[in-house]
Amino acid sequence: MARGISPTRKIGMTVLAWAVGFLIFFPILWTVLTSFKTELDAIAIPPKFLVFDWTTENYAAIQEQRNYFSFLMNSIYLSLGSTALGLLIAIPAAWAMAFSPTKRTKDVLLWMLSTKMMPAVGALVPITILFRNFGLLDSRIGLIVILCLINLPIIVWMLYTYFKEIPGEILEAARMDGASLVKEITQVLTPMALPGIASTILLNVILAWNEAFWTLLLTTTNAAPLSAFIASFSSPQGNFYAKLSAASTLAIAPILIIGWFSQKQLVRGLTFGAVK
Amino acid sequence: MATLHTKSAARAMMAPAVIALFVWMIVPLALTLWFSTLRYSFYGIDTPFVGFENYTYFLTDPRFLSAFQNTLILVLGVLFVTVVGGTLIALLLDQAFFGQSAVRLLVLAPFFVMPTVAALVWKNMMMNPVYGVISQVLAALGLPPVDWLNNYPLLSIIIIVAWQWLPFATLILLTSLQSLSEDQKEAAEMDGAGPLSIFFYITLPHMKRAITVVILIQTIFILSIYAEIFVTTGGGTSSSNLTFFIATLIQLDGDVGTASAGGIVAVILANIVSIFLVRLVGKNLEA
Amino acid sequence: MYLNRLIAGAASLLALTVSAGAQTTLTIGTVNNSDMIRMQGLTDEFTKAHPDITVNWVTLEENVLRQRVTTDIATNGGQFDIMTIGTYEVPIWSKQGWLAPLDNLGQAYDVDDILPPIRNALSTDGQLFAAPFYAESVMTLYRTDLLEKAGLTMPEKPTWTFISEAAEKMTDKDAGVYGICLRGKPGWGENMAFLGNMAREFGANYFDASWQPQFESDGWKQAVTLYVDLMTKYGPPGAASNGFNENLSLFGQGKCGMWMDATVAASFVTDPKQSQVPDKVGFAPAPCGIDNCPNEGANWLWAWSLAIPQSSQKKEAAQTFIAWATSKDYLDLVASKEGWANVPPGTRTSLYENPEYTKAAPFAEATLAAINKADPSAGENKPYVGLQFAAIPEFQGLGTAVGQVMAAALSGQQSVDQALAAAQAQATREMTRAGYIK
């Protein structure tokens with residue numbers, strides 16, 4: 001960046017970068033715009049970009065039909081719950097792998113990741129039957145456990161790469177000073193690891209929020225999150241683009257806003273040790 | 001540091017995660033293995049042992065081969081688009097321009113979109129041959145509309161999935177790019193290297209590790225793509241992957257036995273892929 | 001976690017003490033079709049009359065709903081107290097012992113008022129296992145203005161030859177008018193419902209008496225060849241992804257000249273709120289491809305119905321709800337709120353004897369005639385129950401696989417002969433394994 005850059009080049013790059021950004025963002029922008037159109041405007045030819053009768057009738061119609069907030073609350077419960085449970089299990093594991101690695105640490109790590117490659121459908125019938133027997137169908141607790149297990153490998157790996165960046169000498173020094181293990185963890189390591197933990201939380205919340213296989217199959221009403229909400233609005237009778245857009249906007253808006261606000265943390269943590 | 005004491009402590013700390021994942025893997029796997037040897041249907045009265053019959057039936061189904069091909073094309077296609085596209089966009093975002101953080105937000109956005117929503121939006125609002133934005137743009141340019149999902153089903157799904165994963169690839173590659181020291185590039189420039197040879201001899205090798213991570217993580221997720229196919233084409237030989245094909249066996253035929261055999265076959269194939277990936281990662285991720 | 005459970009426990013304890021008068025909560029799974037969404041909107045009327053029952057709706061897109069309820073009922077999950085299923089599921093599921101008989105619908109319900117073909121389709125051994133919410137057969141919907149412009153008149157009993165001619169003359173692609181719209185979206189309940197019906201209009205069934213699949217028979221060949229030909233020449237673009245809903249919206253926008261589909265479509269396309277051509281729609285029987293074709297062309301019978309899974313713990317309350325939602329009073333209720341034309345059609349004789357209804361619904365007569373002509377029972381050359389489907393468990397998977405091949409033929413990825421050969425091979429393979437073909 002330090003080099004001198006000609007203003008024409010900078011302007012050219014600005015145009016190009018904004019064009020690319022706009023293109024990538026366009027489907028989302030179009031969905032949000034469509035959600036404020038009437039059903040007829042939504043399928044107008046040629047399409048109406050900004051000049052149309054803005055209306056919130058689609059949102060009203062959707063809210064009348066399904067209570068958005070109960071789905072939203074479940075999405076929040078499930079993503080936060082599974083993340084909390086996941087951290088509880090993953091932090092000690094990642095910690096141990098990072099600070100007392102053995103020959104097999106890498107193998108264990110890769111094995112964990114490989115469990116994610118198992119096709120979920122294989123487990124469909126066993127899990128449904130187990131859930132029924134334990135009375136976990138349509139319960140948040142049951143889904144929290146499933147979502148936690150699905151994302152656990154990713155959490156462990158992210159935390160591991162983060163913890164590994166913490167220099168071992170600091171630990172040694174703390175130990176020399178006679179710090180107890182508890183002190184070592186709470187006062188020395190945790191502060192250093194916090195940014196990593198934060199970005200892990202973010203990624204896991206996003207992944208759990210967007211999971212749409214188990215959340216759809218194991219819930220009816222009490223635990224049904226936004227993935228089930230959207231399944232009510234895909235291709236009903238009549239014109240539906242505007243209502244579908246409104247439902248889509250409602251389903252993605254919370255996580256999009258959270259993601260945008262915390263993108264710095266997220267991006268920093270997303271590297272999975274790719275950048276040294 | 002690795003005293004006996006810390007070693008056993010380390011084991012104790014790893015135990016919950018390892019045990020949880022082991023159970024999560026082994027219980028369904030064992031049950032699937034068991035079911036795969038039974039004639040087990042939602043509609044059958046009993047579940048007699050049939051040995052390998054489910055496997056031969058699954059493997060000789062013409063839909064298996066197409067699903068296998070589609071899985072490979074899907075994974076490789078998405079990886080290609082996201083790695084190449086991600087690198088190009090990362091190079092662009094690494095330049096100096098006005099509104100860097102705003103553009104970065106725009107590029108990041110698809111990552112937060114639920115797969116189901118992404119598929120619905122693309123199917124209806126973008127790719128619909130009559131009302132879709134793409135058709136409208138083509139029409140404005142005087143070109144005939146394209147019936148994406150019917151004529152190019154797999155390509156359409158690749159586009160949708162690649163759109164979702166492009167932000168991820170871009171950001172990892174961008175972070176890696178930004179860690180490349182200017183000094184190195186400048187030194188190369190002094191030596192008279194052009195931008196292309198700088199890219200191929202300095203930038204790309206530097207990003208090798210980041211590209212490896214992108215490939216690893218994305219492969220894991222893309223192997224099990226389901227919602228995008230369900231919403232857009234609903235399967236068929238031209239677009240269903242292994243995951244989707246196996247799911248249809250349960251959900252439409254109620255044939256748990258054959259689906260379980262398919263599940264085991266998929267696990268074996270996934271393991272072959274993961275061995276390949278581990279090799280790749282092992283080489284490039286050595287600390 | 002612990003705290004969470006504690007709070008949840010305390011809350012449920014509180015809930016228990018508050019509602020000492022045993023409150024029953026029903027969970028109802030249903031499709032997101034307009035009539036069901038209307039029923040959902042009228043739930044308050046039910047709970048007002050039955051304050052001890054509360055209702056939870058799980059409204060899902062058709063394919064998602066099918067997966068959910070099938071997995072649930074087959075694994076005895078017990079997540080639903082009422083399921084919305086069709087005439088395909090009822091005979092199979094009731095034989096599996098998965099459904100609770102509807103034997104307590106009450107005096108006022110008047111089971112005998114249900115149209116006989118529908119009642120038969122929902123009964124096993126004379127016992128009703130599901131109550132019809134709305135029912136349909138097949139008809140030809142056409143634009144009277146466009147047909148007139150083409151200089152043709154719709155015969156009383158149209159043939160496919162006439163339809164082809166009309167489709168050609170009505171098509172005006174520059175004006176965005178397509179002569180014919182038909183289902184193309186793959187699925188046993190989507191394009192195969194139409195194609196199975198069309199094949200019968202050419203005299204062909206899914207299976208013959210010895211359960212041999214018939215996809216390479218003359219009837220199927222003629223039907224599919226004509227179908228692909230008509231849709232390629234006169235159909236809308238992207239037809240291979242159009243299902244009922246997509247065609248409904250195309251027709252409602254005035255883009256289709258003719259449309260052969262479920263009779264329920266009639267009430268939507270004549271509704272000025274949903275259609276731009278409400279007063280330009282004519283109704284005719286489904287066309288025949290051969291002389292004296294079976295059921296005079298009406299080879300389609302379907303009823304979206306409410307049924308109670310055996311796994312439900314609240315069967316009594318569930319029957320109370322079903323008795324309400326499929327009653328004559330419910331029809332009156334909808335009529336008073338939305339007008340007679342929007343009443344769920346096809347289920348009760350009394351509705352078709354009601355002059356207010358027949359006046360408000362110009363399609364009533366045609367609908368009733370089609371339903372009464374549709375005879376799904378098994379016969380000498382047709383070992384299975386069903387017209388546009390075959391009521392055997394294997395049909396869902398098989399029909400969908402064949403439907404996908406047909407969609408590929410429609411979008412030009414395969415020739416018709418290739419598609420039918422592939423369908424035949426796939427079906428033979430599955431039927432052999434399932435033990436039908438000896």
# chains A, B, ... in the order shown; residues from 1 in each chain; ligands from 1
$ interface_residues --of "chain A" --to "chain C" --cutoff "9 Å" --atoms "only C-alpha atoms" --output "CSV table (one decimal) with N, CA and C atoms, in the first residue's frame"
chain,number,residue,atom,x,y,z
A,64,GLU,N,-49.2,-13.0,9.9
A,64,GLU,CA,-50.5,-13.5,10.2
A,64,GLU,C,-50.6,-15.0,10.1
A,65,GLN,N,-49.8,-15.5,9.2
A,65,GLN,CA,-49.9,-16.9,8.9
A,65,GLN,C,-49.0,-17.7,9.9
A,66,ARG,N,-47.8,-17.3,10.0
A,66,ARG,CA,-46.9,-18.0,10.9
A,66,ARG,C,-46.3,-17.0,11.9
A,81,GLY,N,-27.3,-22.2,22.0
A,81,GLY,CA,-27.2,-23.4,22.9
A,81,GLY,C,-26.1,-24.3,22.4
A,85,LEU,N,-22.6,-25.3,24.2
A,85,LEU,CA,-22.2,-26.7,24.5
A,85,LEU,C,-21.0,-27.1,23.8
A,125,VAL,N,-32.8,-42.7,10.2
A,125,VAL,CA,-33.7,-43.6,10.9
A,125,VAL,C,-33.2,-43.9,12.3
A,128,THR,N,-33.9,-40.8,14.4
A,128,THR,CA,-35.3,-40.5,14.7
A,128,THR,C,-35.8,-41.5,15.7
A,129,ILE,N,-35.4,-42.7,15.6
A,129,ILE,CA,-35.9,-43.7,16.6
A,129,ILE,C,-35.4,-43.4,18.0
A,131,PHE,N,-34.4,-40.6,19.2
A,131,PHE,CA,-35.0,-39.4,19.7
A,131,PHE,C,-36.4,-39.7,20.2
A,132,ARG,N,-37.1,-40.5,19.4
A,132,ARG,CA,-38.5,-40.9,19.9
A,132,ARG,C,-38.4,-41.6,21.2
A,133,ASN,N,-37.5,-42.5,21.3
A,133,ASN,CA,-37.4,-43.3,22.6
A,133,ASN,C,-37.0,-42.4,23.8
A,137,LEU,N,-37.9,-35.7,20.4
A,137,LEU,CA,-38.5,-35.2,19.1
A,137,LEU,C,-39.1,-33.8,19.5
A,138,ASP,N,-38.8,-32.8,18.6
A,138,ASP,CA,-39.4,-31.5,18.8
A,138,ASP,C,-38.9,-30.9,20.1
A,141,ILE,N,-33.4,-29.2,23.4
A,141,ILE,CA,-32.3,-29.9,24.0
A,141,ILE,C,-31.7,-30.9,23.0
A,216,LEU,N,-35.2,-29.5,10.3
A,216,LEU,CA,-36.5,-29.6,9.7
A,216,LEU,C,-37.1,-31.0,10.0
A,217,LEU,N,-36.3,-32.0,10.1
A,217,LEU,CA,-36.9,-33.3,10.3
A,217,LEU,C,-37.2,-33.7,11.7
A,218,LEU,N,-36.6,-33.0,12.7
A,218,LEU,CA,-36.8,-33.4,14.1
A,218,LEU,C,-37.7,-32.5,14.8
A,219,THR,N,-38.3,-31.5,14.1
A,219,THR,CA,-39.1,-30.5,14.9
A,219,THR,C,-40.5,-30.5,14.3
A,220,THR,N,-41.5,-30.0,15.1
A,220,THR,CA,-42.8,-29.6,14.5
A,220,THR,C,-43.1,-28.2,14.9
A,221,THR,N,-43.3,-27.9,16.2
A,221,THR,CA,-43.6,-26.5,16.5
A,221,THR,C,-42.7,-26.0,17.6
A,228,ALA,N,-37.5,-24.2,9.3
A,228,ALA,CA,-38.8,-24.7,9.1
A,228,ALA,C,-39.8,-23.6,8.7
A,229,PHE,N,-39.5,-22.4,9.2
A,229,PHE,CA,-40.4,-21.2,8.8
A,229,PHE,C,-40.3,-21.0,7.3
A,230,ILE,N,-39.2,-21.1,6.7
A,230,ILE,CA,-39.0,-20.9,5.2
A,230,ILE,C,-39.7,-22.0,4.4
A,231,ALA,N,-39.7,-23.2,5.0
A,231,ALA,CA,-40.4,-24.3,4.3
A,231,ALA,C,-41.9,-24.1,4.1
A,232,SER,N,-42.5,-23.2,4.9
A,232,SER,CA,-43.9,-23.0,4.8
A,232,SER,C,-44.2,-22.1,3.6
A,233,PHE,N,-43.2,-21.4,3.1
A,233,PHE,CA,-43.4,-20.4,2.1
A,233,PHE,C,-42.9,-20.7,0.7
A,234,SER,N,-42.2,-21.8,0.6
A,234,SER,CA,-41.6,-22.1,-0.8
A,234,SER,C,-42.8,-22.7,-1.6
A,235,SER,N,-43.0,-22.1,-2.7
A,235,SER,CA,-44.0,-22.5,-3.8
A,235,SER,C,-45.4,-22.9,-3.2
A,236,PRO,N,-46.1,-22.0,-2.6
A,236,PRO,CA,-47.5,-22.2,-2.3
A,236,PRO,C,-48.3,-21.9,-3.6
A,237,GLN,N,-49.6,-22.0,-3.5
A,237,GLN,CA,-50.5,-21.7,-4.7
A,237,GLN,C,-50.5,-20.2,-4.9
A,238,GLY,N,-50.7,-19.9,-6.2
A,238,GLY,CA,-50.8,-18.4,-6.5
A,238,GLY,C,-49.4,-17.8,-6.7
A,239,ASN,N,-49.4,-16.5,-6.9
A,239,ASN,CA,-48.1,-15.8,-7.0
A,239,ASN,C,-47.5,-15.7,-5.6
$ interface_residues --of "chain C" --to "chain B" --cutoff "6 Å" --atoms "only C-alpha atoms" --output "NGL selection string"
:C and (67 or 74 or 238 or 394 or 396-397 or 404)
$ closest_residue --among "C:Glu168, C:Glu45, C:Asp375, C:Asp291" --to "C:Lys337" --atoms "only C-alpha atoms"
C:Glu45
$ residues_around --residues "A:Ile24" --least-positions-apart "2" --cutoff "8 Å" --atoms "only C-alpha atoms" --output "list of chain:residue names"
A:Val20, A:Gly21, A:Phe22, A:Phe26, A:Pro27, B:Leu106, B:Val107, B:Pro110, B:Trp163
$ residues_around --residues "C:Phe202" --least-positions-apart "6" --cutoff "6 Å" --atoms "only C-alpha atoms" --output "list in words"
Gly219, Gly289 and Ile290 of chain C
$ atom_distance --atom1 "atom CA of C:Gly257" --atom2 "atom CA of B:Val121"
28.8 Å
$ residues_around --residues "B:Tyr55" --least-positions-apart "2" --cutoff "10 Å" --atoms "only C-alpha atoms" --output "VMD selection string"
chain B and resid 36 to 37 50 to 53 57 to 61 257 to 262 264 to 265
$ closest_residue --among "A:Tyr162, A:Glu169, A:Lys10, A:Phe52" --to "chain B" --atoms "only C-alpha atoms"
A:Lys10
$ residues_around --residues "A:Leu189" --least-positions-apart "2" --cutoff "12 Å" --atoms "only C-alpha atoms" --output "number ranges by chain"
A: 91, 95, 99, 162-172, 174-175, 179, 181-187, 191-197
$ residues_around --residues "stretch 175-192 of chain B" --least-positions-apart "6" --cutoff "12 Å" --atoms "only C-alpha atoms" --output "PyMOL selection string"
(chain A and resi 1-3+264+266-276) or (chain B and resi 86-95+168-169+198-214)
$ write_last_selection --atoms "C-alpha atoms" --output "mmCIF file, in the first residue's frame"
data_model
loop_
_atom_site.group_PDB
_atom_site.id
_atom_site.type_symbol
_atom_site.label_atom_id
_atom_site.label_comp_id
_atom_site.auth_asym_id
_atom_site.auth_seq_id
_atom_site.Cartn_x
_atom_site.Cartn_y
_atom_site.Cartn_z
ATOM 1 C CA MET A 1 0.000 0.000 0.000
ATOM 2 C CA ALA A 2 2.925 2.204 0.637
ATOM 3 C CA ARG A 3 3.686 2.631 -3.010
ATOM 4 C CA LYS A 264 -13.709 -8.263 11.628
ATOM 5 C CA LEU A 266 -15.161 -13.482 11.965
ATOM 6 C CA VAL A 267 -12.695 -12.891 9.188
ATOM 7 C CA ARG A 268 -9.786 -13.035 11.565
ATOM 8 C CA GLY A 269 -10.897 -16.401 12.843
ATOM 9 C CA LEU A 270 -11.896 -17.887 9.523
ATOM 10 C CA THR A 271 -8.358 -18.584 8.462
ATOM 11 C CA PHE A 272 -8.203 -22.044 10.078
ATOM 12 C CA GLY A 273 -4.488 -21.623 10.422
ATOM 13 C CA ALA A 274 -4.155 -20.914 6.755
ATOM 14 C CA VAL A 275 -2.113 -17.798 7.373
ATOM 15 C CA LYS A 276 0.977 -17.917 9.424
ATOM 16 C CA GLY B 86 -11.872 -16.197 -4.862
ATOM 17 C CA THR B 87 -8.258 -15.584 -5.868
ATOM 18 C CA LEU B 88 -9.231 -13.007 -8.466
ATOM 19 C CA ILE B 89 -11.586 -11.178 -6.109
ATOM 20 C CA ALA B 90 -9.013 -11.344 -3.324
ATOM 21 C CA LEU B 91 -6.437 -9.776 -5.646
ATOM 22 C CA LEU B 92 -8.957 -7.075 -6.496
ATOM 23 C CA LEU B 93 -9.895 -6.374 -2.885
ATOM 24 C CA ASP B 94 -6.213 -6.160 -2.034
ATOM 25 C CA GLN B 95 -5.876 -3.126 -4.306
ATOM 26 C CA PHE B 168 -15.375 -17.903 2.409
ATOM 27 C CA ALA B 169 -12.720 -18.597 -0.202
ATOM 28 C CA ILE B 198 5.126 -12.086 -9.573
ATOM 29 C CA PHE B 199 1.722 -13.677 -9.213
ATOM 30 C CA PHE B 200 2.844 -17.125 -10.323
ATOM 31 C CA TYR B 201 6.228 -17.256 -8.630
ATOM 32 C CA ILE B 202 5.623 -15.335 -5.428
ATOM 33 C CA THR B 203 1.958 -14.748 -4.649
ATOM 34 C CA LEU B 204 0.565 -18.150 -5.579
ATOM 35 C CA PRO B 205 3.167 -20.207 -3.690
ATOM 36 C CA HIS B 206 2.550 -18.000 -0.690
ATOM 37 C CA MET B 207 -1.196 -18.732 -0.880
ATOM 38 C CA LYS B 208 -0.721 -22.491 -1.217
ATOM 39 C CA ARG B 209 -1.545 -23.112 2.391
ATOM 40 C CA ALA B 210 -4.660 -20.948 2.280
ATOM 41 C CA ILE B 211 -5.874 -22.672 -0.879
ATOM 42 C CA THR B 212 -5.383 -26.025 0.832
ATOM 43 C CA VAL B 213 -7.591 -24.937 3.710
ATOM 44 C CA VAL B 214 -10.264 -23.670 1.332
#
$ select_by_dssp --residues "stretch 49-197 of chain A" --states "alpha helix (DSSP H)" --output "ChimeraX atom specification"
/A:57-65,68-99,105-115,124-133,140-164,168-176,181-183,190-197
$ closest_residue --among "A:Leu159, A:Leu143, A:Val188, A:Ala93" --to "chain B" --atoms "only C-alpha atoms"
A:Ala93
$ closest_residue --among "C:Val385, C:Ala266, C:Ala391, C:Ala209" --to "C:Pro362" --atoms "only C-alpha atoms"
C:Ala266
